[in-house]
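Enquirer: Sending over protein_26.cif (mmCIF, C-alpha atoms and all ligand atoms).
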```cif
data_protein
loop_
_atom_site.label_atom_id
_atom_site.label_comp_id
_atom_site.auth_asym_id
_atom_site.auth_seq_id
_atom_site.Cartn_x
_atom_site.Cartn_y
_atom_site.Cartn_z
CA MET C 1159 98.01 94.79 62.59
CA LYS C 1160 101.10 97.03 62.46
CA ILE C 1161 103.26 97.32 65.56
CA ALA C 1162 106.06 99.87 65.87
CA ILE C 1163 108.90 98.92 68.20
CA VAL C 1164 110.86 101.77 69.79
CA LYS C 1165 113.67 100.60 72.05
CA GLY C 1166 115.03 104.09 72.69
CA ASP C 1167 117.97 104.69 75.02
CA GLY C 1168 119.66 102.94 77.96
CA ILE C 1169 117.81 99.94 79.35
CA GLY C 1170 115.09 100.46 76.70
CA GLN C 1171 117.52 98.54 74.45
CA GLU C 1172 117.48 95.63 76.91
CA VAL C 1173 113.91 95.41 78.22
CA ILE C 1174 112.11 95.78 74.89
CA PRO C 1175 113.57 92.71 73.09
CA PRO C 1176 112.10 90.20 75.62
CA ALA C 1177 108.76 92.09 75.53
CA GLU C 1178 108.79 92.09 71.71
CA LYS C 1179 109.56 88.37 71.69
CA ILE C 1180 106.44 87.71 73.78
CA LEU C 1181 104.32 89.89 71.48
CA ARG C 1182 105.63 88.00 68.45
CA HIS C 1183 104.81 84.73 70.19
CA PHE C 1184 101.13 85.74 70.57
CA LEU C 1185 100.78 87.78 67.36
CA PRO C 1186 103.05 86.09 64.81
CA GLY C 1187 101.00 87.48 61.92
CA ALA C 1188 101.42 91.14 62.87
CA GLU C 1189 103.81 93.41 60.98
CA TYR C 1190 106.64 94.68 63.20
CA PHE C 1191 108.97 97.56 62.41
CA ASP C 1192 111.62 99.46 64.38
CA VAL C 1193 111.59 103.22 64.79
CA LYS C 1194 114.73 104.82 66.13
CA VAL C 1195 114.25 107.95 68.22
CA GLY C 1196 115.91 109.39 71.32
CA TYR C 1197 119.05 110.86 72.78
CA GLU C 1198 121.47 108.47 71.04
CA LYS C 1199 119.92 109.43 67.73
CA TRP C 1200 120.17 113.12 68.68
CA LYS C 1201 123.90 112.70 69.38
CA GLU C 1202 124.39 110.99 66.00
CA THR C 1203 122.15 113.12 63.80
CA GLY C 1204 121.20 116.26 65.73
CA THR C 1205 117.50 115.32 65.77
CA ALA C 1206 115.89 113.12 68.43
CA CYS C 1207 112.62 112.54 66.59
CA THR C 1208 112.03 113.62 62.99
CA ASP C 1209 108.72 114.32 61.26
CA ASP C 1210 109.32 111.12 59.34
CA ASP C 1211 109.59 109.20 62.64
CA ILE C 1212 106.25 110.68 63.72
CA LYS C 1213 104.77 109.63 60.37
CA LYS C 1214 106.02 106.07 60.90
CA LEU C 1215 104.61 105.99 64.44
CA LYS C 1216 101.28 107.29 63.15
CA SER C 1217 101.16 104.48 60.58
CA ALA C 1218 101.20 101.86 63.35
CA ASP C 1219 98.15 100.48 65.14
CA ALA C 1220 100.20 100.11 68.29
CA ILE C 1221 103.57 101.24 69.58
CA LEU C 1222 105.72 99.39 72.09
CA PHE C 1223 108.17 101.86 73.59
CA GLY C 1224 111.15 101.42 75.90
CA ALA C 1225 112.50 104.64 77.38
CA ILE C 1226 114.35 107.73 76.30
CA THR C 1227 117.04 109.77 78.00
CA THR C 1228 116.21 113.45 78.36
CA PRO C 1229 119.49 115.31 78.97
CA PRO C 1230 119.49 118.68 80.79
CA ASP C 1231 120.54 120.32 77.48
CA PRO C 1232 118.10 123.23 76.81
CA ASP C 1233 118.28 122.57 73.04
CA TYR C 1234 116.84 119.09 73.51
CA LYS C 1235 113.06 118.86 73.34
CA SER C 1236 111.26 116.00 75.10
CA VAL C 1237 110.46 113.28 72.58
CA ILE C 1238 107.73 111.79 74.78
CA MET C 1239 105.83 115.08 74.99
CA LYS C 1240 106.12 115.48 71.21
CA ILE C 1241 104.75 111.98 70.57
CA ARG C 1242 101.90 112.40 73.10
CA HIS C 1243 100.94 115.67 71.49
CA GLU C 1244 101.29 114.62 67.83
CA LEU C 1245 99.38 111.36 68.33
CA ASP C 1246 96.85 112.98 70.71
CA LEU C 1247 97.34 110.26 73.31
CA TYR C 1248 94.94 111.75 75.82
CA ALA C 1249 94.43 108.84 78.23
CA ASN C 1250 97.33 107.70 80.35
CA LEU C 1251 96.41 104.38 81.98
CA ARG C 1252 98.52 103.20 84.87
CA PRO C 1253 97.48 99.95 86.50
CA VAL C 1254 98.74 99.26 90.02
CA LYS C 1255 98.20 95.65 91.02
CA GLY C 1256 99.21 93.75 94.11
CA ASP C 1257 98.07 91.45 96.85
CA GLY C 1258 94.34 92.19 97.32
CA PHE C 1259 94.18 95.33 95.16
CA ASP C 1260 93.85 96.15 91.48
CA ILE C 1261 93.74 99.88 90.76
CA MET C 1262 93.64 101.70 87.42
CA VAL C 1263 94.68 105.33 87.46
CA VAL C 1264 93.23 107.10 84.42
CA ARG C 1265 95.13 110.33 83.94
CA GLU C 1266 94.23 113.09 81.50
CA ASN C 1267 97.35 113.42 79.37
CA THR C 1268 97.03 116.49 77.15
CA GLU C 1269 95.86 119.52 79.14
CA GLY C 1270 95.55 120.62 82.78
CA LEU C 1271 98.70 122.08 84.29
CA TYR C 1272 100.83 120.51 81.52
CA SER C 1273 99.26 122.72 78.86
CA GLY C 1274 102.70 124.15 78.05
CA ILE C 1275 101.29 127.68 78.22
CA GLU C 1276 103.75 129.49 80.46
CA GLU C 1277 105.23 132.90 81.09
CA ILE C 1278 108.54 132.84 82.85
CA GLY C 1279 109.81 135.98 84.56
CA GLU C 1280 112.36 136.99 87.17
CA GLU C 1281 109.77 138.02 89.77
CA ARG C 1282 106.69 136.18 88.58
CA SER C 1283 106.17 133.00 86.59
CA THR C 1284 102.85 131.55 85.59
CA THR C 1285 101.58 128.32 84.06
CA LEU C 1286 98.09 128.21 82.67
CA ARG C 1287 95.95 125.28 83.80
CA VAL C 1288 93.56 124.41 81.00
CA ILE C 1289 90.46 122.29 81.59
CA THR C 1290 88.04 121.84 78.71
CA ARG C 1291 84.67 120.11 78.55
CA LYS C 1292 85.86 118.08 75.55
CA GLY C 1293 89.06 117.00 77.34
CA SER C 1294 87.21 116.12 80.54
CA GLU C 1295 84.48 114.28 78.67
CA ARG C 1296 86.79 112.05 76.68
CA ILE C 1297 88.91 111.07 79.69
CA ALA C 1298 85.76 110.38 81.75
CA LYS C 1299 84.44 108.18 78.92
CA ALA C 1300 87.73 106.28 78.83
CA ALA C 1301 87.44 105.72 82.60
CA CYS C 1302 83.82 104.53 82.36
CA GLU C 1303 84.60 102.16 79.46
CA LEU C 1304 87.42 100.70 81.56
CA ALA C 1305 85.20 100.32 84.63
CA ILE C 1306 82.75 98.33 82.49
CA LYS C 1307 85.47 96.26 80.84
CA ARG C 1308 86.98 95.44 84.25
CA GLY C 1309 83.57 94.51 85.65
CA SER C 1310 84.29 96.96 88.44
CA THR C 1311 82.09 96.68 91.52
CA LYS C 1312 83.45 99.87 93.06
CA PRO C 1313 82.45 103.44 92.18
CA VAL C 1314 84.50 105.36 89.65
CA VAL C 1315 86.45 107.80 91.80
CA ILE C 1316 86.81 111.34 90.43
CA GLY C 1317 89.96 112.87 91.91
CA ASN C 1318 89.76 116.67 92.01
CA LYS C 1319 90.45 119.82 93.97
CA ALA C 1320 87.29 121.70 93.04
CA ASN C 1321 87.09 123.31 96.48
CA VAL C 1322 90.13 125.46 95.66
CA LEU C 1323 90.60 125.24 91.89
CA LYS C 1324 87.49 126.52 90.19
CA SER C 1325 88.69 124.98 86.91
CA ASP C 1326 88.18 121.61 88.56
CA VAL C 1327 84.46 122.27 88.94
CA LEU C 1328 84.20 121.85 85.17
CA PHE C 1329 86.29 118.68 85.30
CA ARG C 1330 84.39 117.17 88.24
CA ASP C 1331 80.91 118.01 86.95
CA THR C 1332 81.69 116.82 83.43
CA CYS C 1333 82.96 113.50 84.85
CA ILE C 1334 79.82 113.16 87.00
CA GLY C 1335 77.66 113.71 83.92
CA VAL C 1336 79.53 111.04 81.95
CA CYS C 1337 79.31 108.51 84.83
CA LYS C 1338 75.57 109.14 85.06
CA SER C 1339 75.14 108.66 81.30
CA TYR C 1340 76.87 105.27 81.63
CA GLY C 1341 74.68 104.42 84.65
CA LEU C 1342 77.82 103.93 86.74
CA GLU C 1343 78.27 104.68 90.41
CA TYR C 1344 80.80 107.40 91.13
CA LYS C 1345 82.40 109.15 94.05
CA THR C 1346 84.20 112.49 94.08
CA MET C 1347 87.23 112.89 96.33
CA PHE C 1348 89.77 115.62 96.91
CA ILE C 1349 93.08 114.54 95.45
CA ASP C 1350 95.19 115.11 98.59
CA ALA C 1351 93.00 113.03 100.90
CA LEU C 1352 92.48 110.52 98.09
CA THR C 1353 96.21 109.94 97.66
CA LEU C 1354 96.67 109.14 101.34
CA ASP C 1355 93.63 106.87 101.41
CA VAL C 1356 94.71 104.92 98.31
CA LEU C 1357 98.03 104.18 99.99
CA MET C 1358 96.33 103.18 103.26
CA GLN C 1359 93.38 101.23 101.86
CA PRO C 1360 94.23 100.26 98.28
CA SER C 1361 91.62 97.48 98.18
CA ASN C 1362 88.84 100.11 98.33
CA TYR C 1363 89.74 101.41 94.87
CA ASP C 1364 89.35 100.37 91.26
CA VAL C 1365 89.13 103.06 88.54
CA ILE C 1366 90.32 106.55 89.51
CA VAL C 1367 90.04 109.36 86.96
CA THR C 1368 91.84 112.66 87.43
CA THR C 1369 93.57 115.59 85.75
CA ASN C 1370 97.10 115.59 84.35
CA ILE C 1371 99.38 116.57 87.25
CA PHE C 1372 97.24 114.90 89.93
CA GLY C 1373 97.30 111.65 87.96
CA ASP C 1374 101.05 111.91 87.46
CA ILE C 1375 101.71 112.28 91.18
CA LEU C 1376 99.05 109.80 92.31
CA SER C 1377 100.25 107.03 90.00
CA ASP C 1378 103.92 107.51 90.96
CA ALA C 1379 102.92 107.43 94.64
CA CYS C 1380 101.01 104.19 93.99
CA GLY C 1381 104.31 102.69 92.85
CA TYR C 1382 104.95 102.39 96.59
CA LEU C 1383 102.27 99.67 96.72
CA THR C 1384 104.09 97.42 94.21
CA GLY C 1385 107.63 96.20 93.77
CA GLY C 1386 108.94 99.51 92.46
CA LEU C 1387 109.64 100.99 89.04
CA GLY C 1388 110.76 97.78 87.37
CA MET C 1389 107.21 96.39 87.75
CA LEU C 1390 104.97 99.23 86.50
CA PRO C 1391 103.57 99.31 82.94
CA SER C 1392 101.48 102.04 81.31
CA ALA C 1393 99.45 102.83 78.23
CA ASN C 1394 98.87 106.11 76.45
CA ILE C 1395 95.70 105.89 74.41
CA GLY C 1396 94.10 108.21 71.88
CA ASP C 1397 91.22 107.75 69.46
CA ALA C 1398 93.59 106.83 66.62
CA HIS C 1399 96.75 105.58 68.33
CA ALA C 1400 97.86 103.42 71.23
CA PHE C 1401 101.27 103.57 72.88
CA PHE C 1402 102.58 101.20 75.57
CA GLU C 1403 105.63 101.81 77.75
CA PRO C 1404 107.09 100.94 81.14
CA VAL C 1405 106.75 103.74 83.70
CA HIS C 1406 110.51 103.74 84.31
CA GLY C 1407 113.10 105.69 82.34
CA SER C 1408 116.32 104.73 80.58
CA ALA C 1409 118.19 104.06 83.88
CA PRO C 1410 121.70 104.98 82.66
CA ASP C 1411 123.10 103.81 86.02
CA ILE C 1412 122.36 100.16 85.20
CA ALA C 1413 122.27 100.22 81.38
CA GLY C 1414 124.29 97.69 79.38
CA LYS C 1415 124.71 95.28 82.30
CA ASN C 1416 121.82 92.86 81.64
CA ILE C 1417 120.41 93.56 85.13
CA ALA C 1418 117.35 95.71 84.34
CA ASN C 1419 114.00 94.19 85.28
CA PRO C 1420 112.11 93.42 82.05
CA ILE C 1421 108.73 92.91 83.79
CA ALA C 1422 107.43 96.51 83.39
CA ALA C 1423 108.14 96.28 79.63
CA ILE C 1424 106.61 92.78 79.37
CA ARG C 1425 103.53 93.99 81.26
CA SER C 1426 103.30 96.90 78.81
CA ALA C 1427 103.18 94.31 76.00
CA GLY C 1428 100.45 92.60 78.05
CA MET C 1429 98.47 95.86 78.15
CA LEU C 1430 98.84 96.07 74.36
CA LEU C 1431 97.38 92.57 73.99
CA ASP C 1432 94.55 93.42 76.39
CA HIS C 1433 93.79 96.70 74.59
CA PHE C 1434 93.29 94.90 71.29
CA GLY C 1435 90.97 92.31 72.82
CA TYR C 1436 93.48 89.52 73.44
CA CYS C 1437 92.52 89.40 77.11
CA GLU C 1438 93.35 85.73 77.58
CA TYR C 1439 96.88 86.32 76.25
CA ALA C 1440 97.28 89.26 78.64
CA ALA C 1441 96.14 87.02 81.51
CA LEU C 1442 98.74 84.40 80.50
CA VAL C 1443 101.44 87.07 80.60
CA GLU C 1444 100.45 88.07 84.15
CA LYS C 1445 100.30 84.44 85.24
CA ALA C 1446 103.75 83.72 83.83
CA ILE C 1447 105.20 86.81 85.54
CA SER C 1448 103.77 85.72 88.91
CA ALA C 1449 105.15 82.22 88.41
CA SER C 1450 108.59 83.54 87.52
CA VAL C 1451 108.76 85.93 90.49
CA SER C 1452 107.52 83.32 92.95
CA MET C 1453 110.12 80.84 91.62
CA GLY C 1454 112.79 83.47 92.34
CA VAL C 1455 113.59 83.81 88.65
CA CYS C 1456 113.93 87.59 88.66
CA THR C 1457 116.42 90.43 88.53
CA LYS C 1458 118.42 91.97 91.37
CA ASP C 1459 115.85 94.69 92.22
CA LEU C 1460 113.43 91.90 93.23
CA GLY C 1461 116.09 89.98 95.12
CA GLY C 1462 116.95 87.51 92.35
CA ASN C 1463 120.18 86.90 90.50
CA TYR C 1464 118.89 86.38 86.97
CA GLY C 1465 119.69 88.67 84.06
CA THR C 1466 117.26 90.69 81.96
CA LYS C 1467 117.51 88.20 79.09
CA GLU C 1468 117.24 85.10 81.29
CA THR C 1469 114.21 86.46 83.16
CA GLY C 1470 112.50 87.30 79.86
CA GLU C 1471 113.24 83.85 78.47
CA TYR C 1472 111.90 82.17 81.60
CA ILE C 1473 108.66 84.17 81.42
CA LEU C 1474 108.20 83.12 77.78
CA THR C 1475 108.84 79.47 78.72
CA GLU C 1476 106.21 79.78 81.49
CA ILE C 1477 103.73 81.21 78.97
CA ILE C 1478 104.29 78.27 76.64
CA LYS C 1479 103.92 75.86 79.57
CA GLU C 1480 100.63 77.48 80.65
CA GLU C 1481 99.31 77.30 77.08
CA LYS C 1482 100.04 73.57 76.89
CA SER C 1483 98.33 72.90 80.23
CA ASP C 1484 95.16 74.79 79.21
P1 LIG C 1501 114.73 105.86 85.87
O1 LIG C 1501 113.35 105.28 85.92
O2 LIG C 1501 115.46 105.68 84.61
O3 LIG C 1501 115.59 105.26 87.07
C1 LIG C 1501 115.30 105.47 88.45
C2 LIG C 1501 115.97 104.38 89.30
O4 LIG C 1501 115.24 103.16 89.16
C3 LIG C 1501 117.40 104.08 88.88
O5 LIG C 1501 118.17 103.80 90.01
C4 LIG C 1501 117.27 102.86 88.02
O6 LIG C 1501 118.41 102.04 88.04
C5 LIG C 1501 116.07 102.15 88.64
N1 LIG C 1501 115.31 101.41 87.62
C6 LIG C 1501 114.52 101.96 86.64
N2 LIG C 1501 114.02 101.00 85.87
C7 LIG C 1501 114.49 99.83 86.33
C8 LIG C 1501 114.32 98.49 85.91
N3 LIG C 1501 113.57 98.13 84.84
N4 LIG C 1501 114.96 97.51 86.61
C9 LIG C 1501 115.71 97.82 87.67
N5 LIG C 1501 115.91 99.08 88.12
C10 LIG C 1501 115.30 100.08 87.45
O7 LIG C 1501 114.58 107.42 86.20
P2 LIG C 1501 115.69 108.56 86.24
O8 LIG C 1501 116.97 108.00 86.75
O9 LIG C 1501 115.05 109.69 86.91
O10 LIG C 1501 115.88 108.98 84.72
C11 LIG C 1501 116.88 108.46 83.86
C12 LIG C 1501 116.62 108.97 82.45
O11 LIG C 1501 115.38 108.45 81.97
C13 LIG C 1501 116.50 110.50 82.37
O12 LIG C 1501 117.15 110.94 81.21
C14 LIG C 1501 115.01 110.73 82.28
O13 LIG C 1501 114.70 111.92 81.60
C15 LIG C 1501 114.55 109.51 81.52
N6 LIG C 1501 113.13 109.13 81.75
C16 LIG C 1501 112.44 108.71 80.65
C17 LIG C 1501 111.14 108.27 80.78
C18 LIG C 1501 110.44 107.79 79.54
O14 LIG C 1501 111.09 107.52 78.53
N7 LIG C 1501 109.14 107.63 79.57
C19 LIG C 1501 110.53 108.23 82.02
C20 LIG C 1501 111.27 108.62 83.16
C21 LIG C 1501 112.58 109.08 82.99
MN MN C 1502 105.71 110.89 86.80
#
```
As structure tokens, please, write out the structure in this file.

Expert:
Amino acid sequence: MKIAIVKGDGIGQEVIPPAEKILRHFLPGAEYFDVKVGYEKWKETGTACTDDDIKKLKSADAILFGAITTPPDPDYKSVIMKIRHELDLYANLRPVKGDGFDIMVVRENTEGLYSGIEEIGEERSTTLRVITRKGSERIAKAACELAIKRGSTKPVVIGNKANVLKSDVLFRDTCIGVCKSYGLEYKTMFIDALTLDVLMQPSNYDVIVTTNIFGDILSDACGYLTGGLGMLPSANIGDAHAFFEPVHGSAPDIAGKNIANPIAAIRSAGMLLDHFGYCEYAALVEKAISASVSMGVCTKDLGGNYGTKETGEYILTEIIKEEKSD
């Protein structure tokens, strides 16, 4: 197995090393290699992500990614969007887990309102919202596969706005068809009411599948249910590539101080392990994180006074302890 490590900018440089260490602990036989992309690289070389970088990323089975700074400079093109597009990472998986709830937001990642097809004018600007049967089908399949893998006892919820957006009729009905073909229960809900209900009654939900912008907003809103940005991991999955990253960005305000919470990055490594079938390793990672947080070994954002490095080291020690007691 080949694993590309991209630390990126800002706190990406700090939160990825402890996550990589944990990956290496579980998968010592894998081949690891660094790929340097991002704003720092752009400042040094004029290019944030070269074709050769994309080639290297494509050669990996999995990518562990930190974060990248996107400056307001109009000449700078988003590296993340380029990677998502080039590697066709169509399924954005964002788990939101807490006391009594375990939700997986499955967001379509390549089309919808983020199609990039826009006409900008002084008096009128338009963005084309693209929904295709193929795009809807593959994201619905990803959601159904996850529902099965998670042993979900709740219906797959299809978040949509088909009452107003006629393009969502195609999305909704395609998802319904896929759920039926898997023999899974499903429920359709309008995205606005759904978002409120998820926040009020999170334990009623498991897998939620939705289009690009709705999934973006819903999953960020769900961050409210957990301990904030430093806790949230994500995966971007395509048929040929798999990319794992914390939800947070490069956090320039706290970079270089050894105070960033490494848990979102470590959880992203856990999602990588889970994705490749190492479910018991992923469970150990979660267990060790819970142990560390409940012992008060955590960073400032969670009320602790441990550094990024120290928290990461403690979590690894907990993992080793759990393994010995098994
Ligand atoms: P951010 O997620 O970097 O930071 C938001 C706030 O949360 C900051 O106050 C930060 O200190 C805090 N925070 C974030 N992660 C934390 C962690 N692990 N531990 C403790 N506190 C944490 O978002 P932003 O400030 O809007 O963006 C900063 C830069 O990151 C921008 O250039 C933006 O474009 C980029 N960004 C990149 C990604 C990505 O690479 N996927 C995602 C979001 C933002
Ligand atoms: Mn977002």

Enquirer: Determine, using only C-alpha atoms and all ligand atoms, which residues of chain C have any atom at most 10 Å from an atom of ligand MN 1502 (chain C), and tabulate each with its shortest atom pair and distance in Å to one decimal place, rows ordered by chain and then rising number, as JSON lines.

Expert:
```
{"residue": "C:Ile1371", "atom": "CA", "partner": "C:MN1502", "partner_atom": "MN", "distance": 8.5}
{"residue": "C:Phe1372", "atom": "CA", "partner": "C:MN1502", "partner_atom": "MN", "distance": 9.9}
{"residue": "C:Gly1373", "atom": "CA", "partner": "C:MN1502", "partner_atom": "MN", "distance": 8.5}
{"residue": "C:Asp1374", "atom": "CA", "partner": "C:MN1502", "partner_atom": "MN", "distance": 4.8}
{"residue": "C:Ile1375", "atom": "CA", "partner": "C:MN1502", "partner_atom": "MN", "distance": 6.1}
{"residue": "C:Leu1376", "atom": "CA", "partner": "C:MN1502", "partner_atom": "MN", "distance": 8.7}
{"residue": "C:Ser1377", "atom": "CA", "partner": "C:MN1502", "partner_atom": "MN", "distance": 7.4}
{"residue": "C:Asp1378", "atom": "CA", "partner": "C:MN1502", "partner_atom": "MN", "distance": 5.7}
{"residue": "C:Ala1379", "atom": "CA", "partner": "C:MN1502", "partner_atom": "MN", "distance": 9.0}
{"residue": "C:Val1405", "atom": "CA", "partner": "C:MN1502", "partner_atom": "MN", "distance": 7.9}
{"residue": "C:His1406", "atom": "CA", "partner": "C:MN1502", "partner_atom": "MN", "distance": 9.0}
```

Enquirer: Within 9 Å of ligand LIG 1501 (chain C), counting all atoms listed in the file: which residues, as an MDAnalysis selection string?

Expert: chainID C and resid 1166:1170 1173 1196:1197 1223:1230 1236:1238 1386:1390 1403:1413 1417:1423 1457:1460 1466

Enquirer: CA of Gly1385 in chain C and CA of Val1443 in chain C are how many Å apart?

Expert: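 These two atoms are separated by 17.2 Å.
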
Enquirer: Kindly provide, as an mmCIF file with C-alpha atoms, keeping the file's coordinate frame, the polymer residues lying within 9 Å of (93.3, 119.2, 84.1), counting all atoms listed in the file and using the coordinates exactly as they appear in the file.

Expert:
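Saved as out-v3.cif:
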```
data_model
loop_
_atom_site.group_PDB
_atom_site.id
_atom_site.type_symbol
_atom_site.label_atom_id
_atom_site.label_comp_id
_atom_site.auth_asym_id
_atom_site.auth_seq_id
_atom_site.Cartn_x
_atom_site.Cartn_y
_atom_site.Cartn_z
ATOM 1 C CA GLU C 1266 94.230 113.090 81.500
ATOM 2 C CA ASN C 1267 97.350 113.420 79.370
ATOM 3 C CA THR C 1268 97.030 116.490 77.150
ATOM 4 C CA GLU C 1269 95.860 119.520 79.140
ATOM 5 C CA GLY C 1270 95.550 120.620 82.780
ATOM 6 C CA LEU C 1271 98.700 122.080 84.290
ATOM 7 C CA TYR C 1272 100.830 120.510 81.520
ATOM 8 C CA SER C 1273 99.260 122.720 78.860
ATOM 9 C CA ARG C 1287 95.950 125.280 83.800
ATOM 10 C CA VAL C 1288 93.560 124.410 81.000
ATOM 11 C CA ILE C 1289 90.460 122.290 81.590
ATOM 12 C CA THR C 1290 88.040 121.840 78.710
ATOM 13 C CA GLY C 1293 89.060 117.000 77.340
ATOM 14 C CA SER C 1294 87.210 116.120 80.540
ATOM 15 C CA SER C 1325 88.690 124.980 86.910
ATOM 16 C CA ASP C 1326 88.180 121.610 88.560
ATOM 17 C CA PHE C 1329 86.290 118.680 85.300
ATOM 18 C CA THR C 1368 91.840 112.660 87.430
ATOM 19 C CA THR C 1369 93.570 115.590 85.750
ATOM 20 C CA ASN C 1370 97.100 115.590 84.350
ATOM 21 C CA ILE C 1371 99.380 116.570 87.250
ATOM 22 C CA PHE C 1372 97.240 114.900 89.930
#
```

Enquirer: For Thr1475 in chain C, find every residue with an atom within 10 Å (counting all atoms listed in the file), except residues of its own chain fewer than 5 positions away, and show them as a PyMOL selection string.

Expert: chain C and resi 1180+1446+1450+1469-1470+1480-1481

Enquirer: Between CA of Lys1467 in chain C and CA of Gly1435 in chain C, what is the distance in Å, rounded to a tenth?

Expert: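 Between CA of Lys1467 in chain C and CA of Gly1435 in chain C the gap works out to 27.6 Å.
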
Enquirer: Calculate how many Å separate CA of Tyr1248 in chain C from CA of Pro1186 in chain C, rounding to one decimal.

Expert: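 CA of Pro1186 in chain C lies at a distance of 29.1 Å from CA of Tyr1248 in chain C.
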
Enquirer: Pull N, CA and C atoms for range 1335-1353 of chain C from the block and write them as a JSON list (two decimals), in the first residue's frame.

Expert:
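Once written, out_38.json looks like this:
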```json
[["chain", "number", "residue", "atom", "x", "y", "z"],
["C", 1335, "GLY", "N", -34.30, 5.24, -6.04],
["C", 1335, "GLY", "CA", -34.12, 4.03, -6.85],
["C", 1335, "GLY", "C", -32.95, 3.20, -6.34],
["C", 1336, "VAL", "N", -31.85, 3.86, -6.00],
["C", 1336, "VAL", "CA", -30.67, 3.13, -5.52],
["C", 1336, "VAL", "C", -30.97, 2.49, -4.16],
["C", 1337, "CYS", "N", -31.61, 3.22, -3.26],
["C", 1337, "CYS", "CA", -31.96, 2.65, -1.94],
["C", 1337, "CYS", "C", -32.83, 1.41, -2.12],
["C", 1338, "LYS", "N", -33.81, 1.50, -3.02],
["C", 1338, "LYS", "CA", -34.69, 0.36, -3.27],
["C", 1338, "LYS", "C", -33.89, -0.83, -3.80],
["C", 1339, "SER", "N", -32.94, -0.57, -4.71],
["C", 1339, "SER", "CA", -32.17, -1.67, -5.28],
["C", 1339, "SER", "C", -31.29, -2.34, -4.23],
["C", 1340, "TYR", "N", -30.94, -1.61, -3.19],
["C", 1340, "TYR", "CA", -30.17, -2.20, -2.07],
["C", 1340, "TYR", "C", -31.11, -2.81, -1.02],
["C", 1341, "GLY", "N", -32.42, -2.62, -1.19],
["C", 1341, "GLY", "CA", -33.38, -3.11, -0.20],
["C", 1341, "GLY", "C", -33.28, -2.35, 1.12],
["C", 1342, "LEU", "N", -32.86, -1.09, 1.04],
["C", 1342, "LEU", "CA", -32.70, -0.29, 2.26],
["C", 1342, "LEU", "C", -33.89, 0.65, 2.45],
["C", 1343, "GLU", "N", -34.22, 0.87, 3.71],
["C", 1343, "GLU", "CA", -35.24, 1.87, 4.02],
["C", 1343, "GLU", "C", -34.68, 3.25, 3.77],
["C", 1344, "TYR", "N", -35.53, 4.18, 3.32],
["C", 1344, "TYR", "CA", -35.07, 5.54, 3.09],
["C", 1344, "TYR", "C", -36.16, 6.51, 3.49],
["C", 1345, "LYS", "N", -35.75, 7.77, 3.60],
["C", 1345, "LYS", "CA", -36.70, 8.82, 3.95],
["C", 1345, "LYS", "C", -36.23, 10.07, 3.22],
["C", 1346, "THR", "N", -37.12, 10.77, 2.55],
["C", 1346, "THR", "CA", -36.71, 12.03, 1.92],
["C", 1346, "THR", "C", -37.10, 13.19, 2.84],
["C", 1347, "MET", "N", -36.21, 14.15, 2.95],
["C", 1347, "MET", "CA", -36.51, 15.33, 3.78],
["C", 1347, "MET", "C", -36.00, 16.58, 3.09],
["C", 1348, "PHE", "N", -36.71, 17.69, 3.29],
["C", 1348, "PHE", "CA", -36.24, 18.95, 2.74],
["C", 1348, "PHE", "C", -35.07, 19.44, 3.60],
["C", 1349, "ILE", "N", -34.05, 19.92, 2.92],
["C", 1349, "ILE", "CA", -32.77, 20.20, 3.56],
["C", 1349, "ILE", "C", -32.87, 21.23, 4.69],
["C", 1350, "ASP", "N", -33.73, 22.22, 4.55],
["C", 1350, "ASP", "CA", -33.83, 23.27, 5.58],
["C", 1350, "ASP", "C", -34.39, 22.69, 6.89],
["C", 1351, "ALA", "N", -35.52, 21.98, 6.77],
["C", 1351, "ALA", "CA", -36.12, 21.38, 7.96],
["C", 1351, "ALA", "C", -35.21, 20.29, 8.52],
["C", 1352, "LEU", "N", -34.56, 19.57, 7.61],
["C", 1352, "LEU", "CA", -33.64, 18.50, 8.02],
["C", 1352, "LEU", "C", -32.50, 19.04, 8.88],
["C", 1353, "THR", "N", -31.93, 20.17, 8.45],
["C", 1353, "THR", "CA", -30.79, 20.74, 9.19],
["C", 1353, "THR", "C", -31.19, 21.08, 10.62]]
```
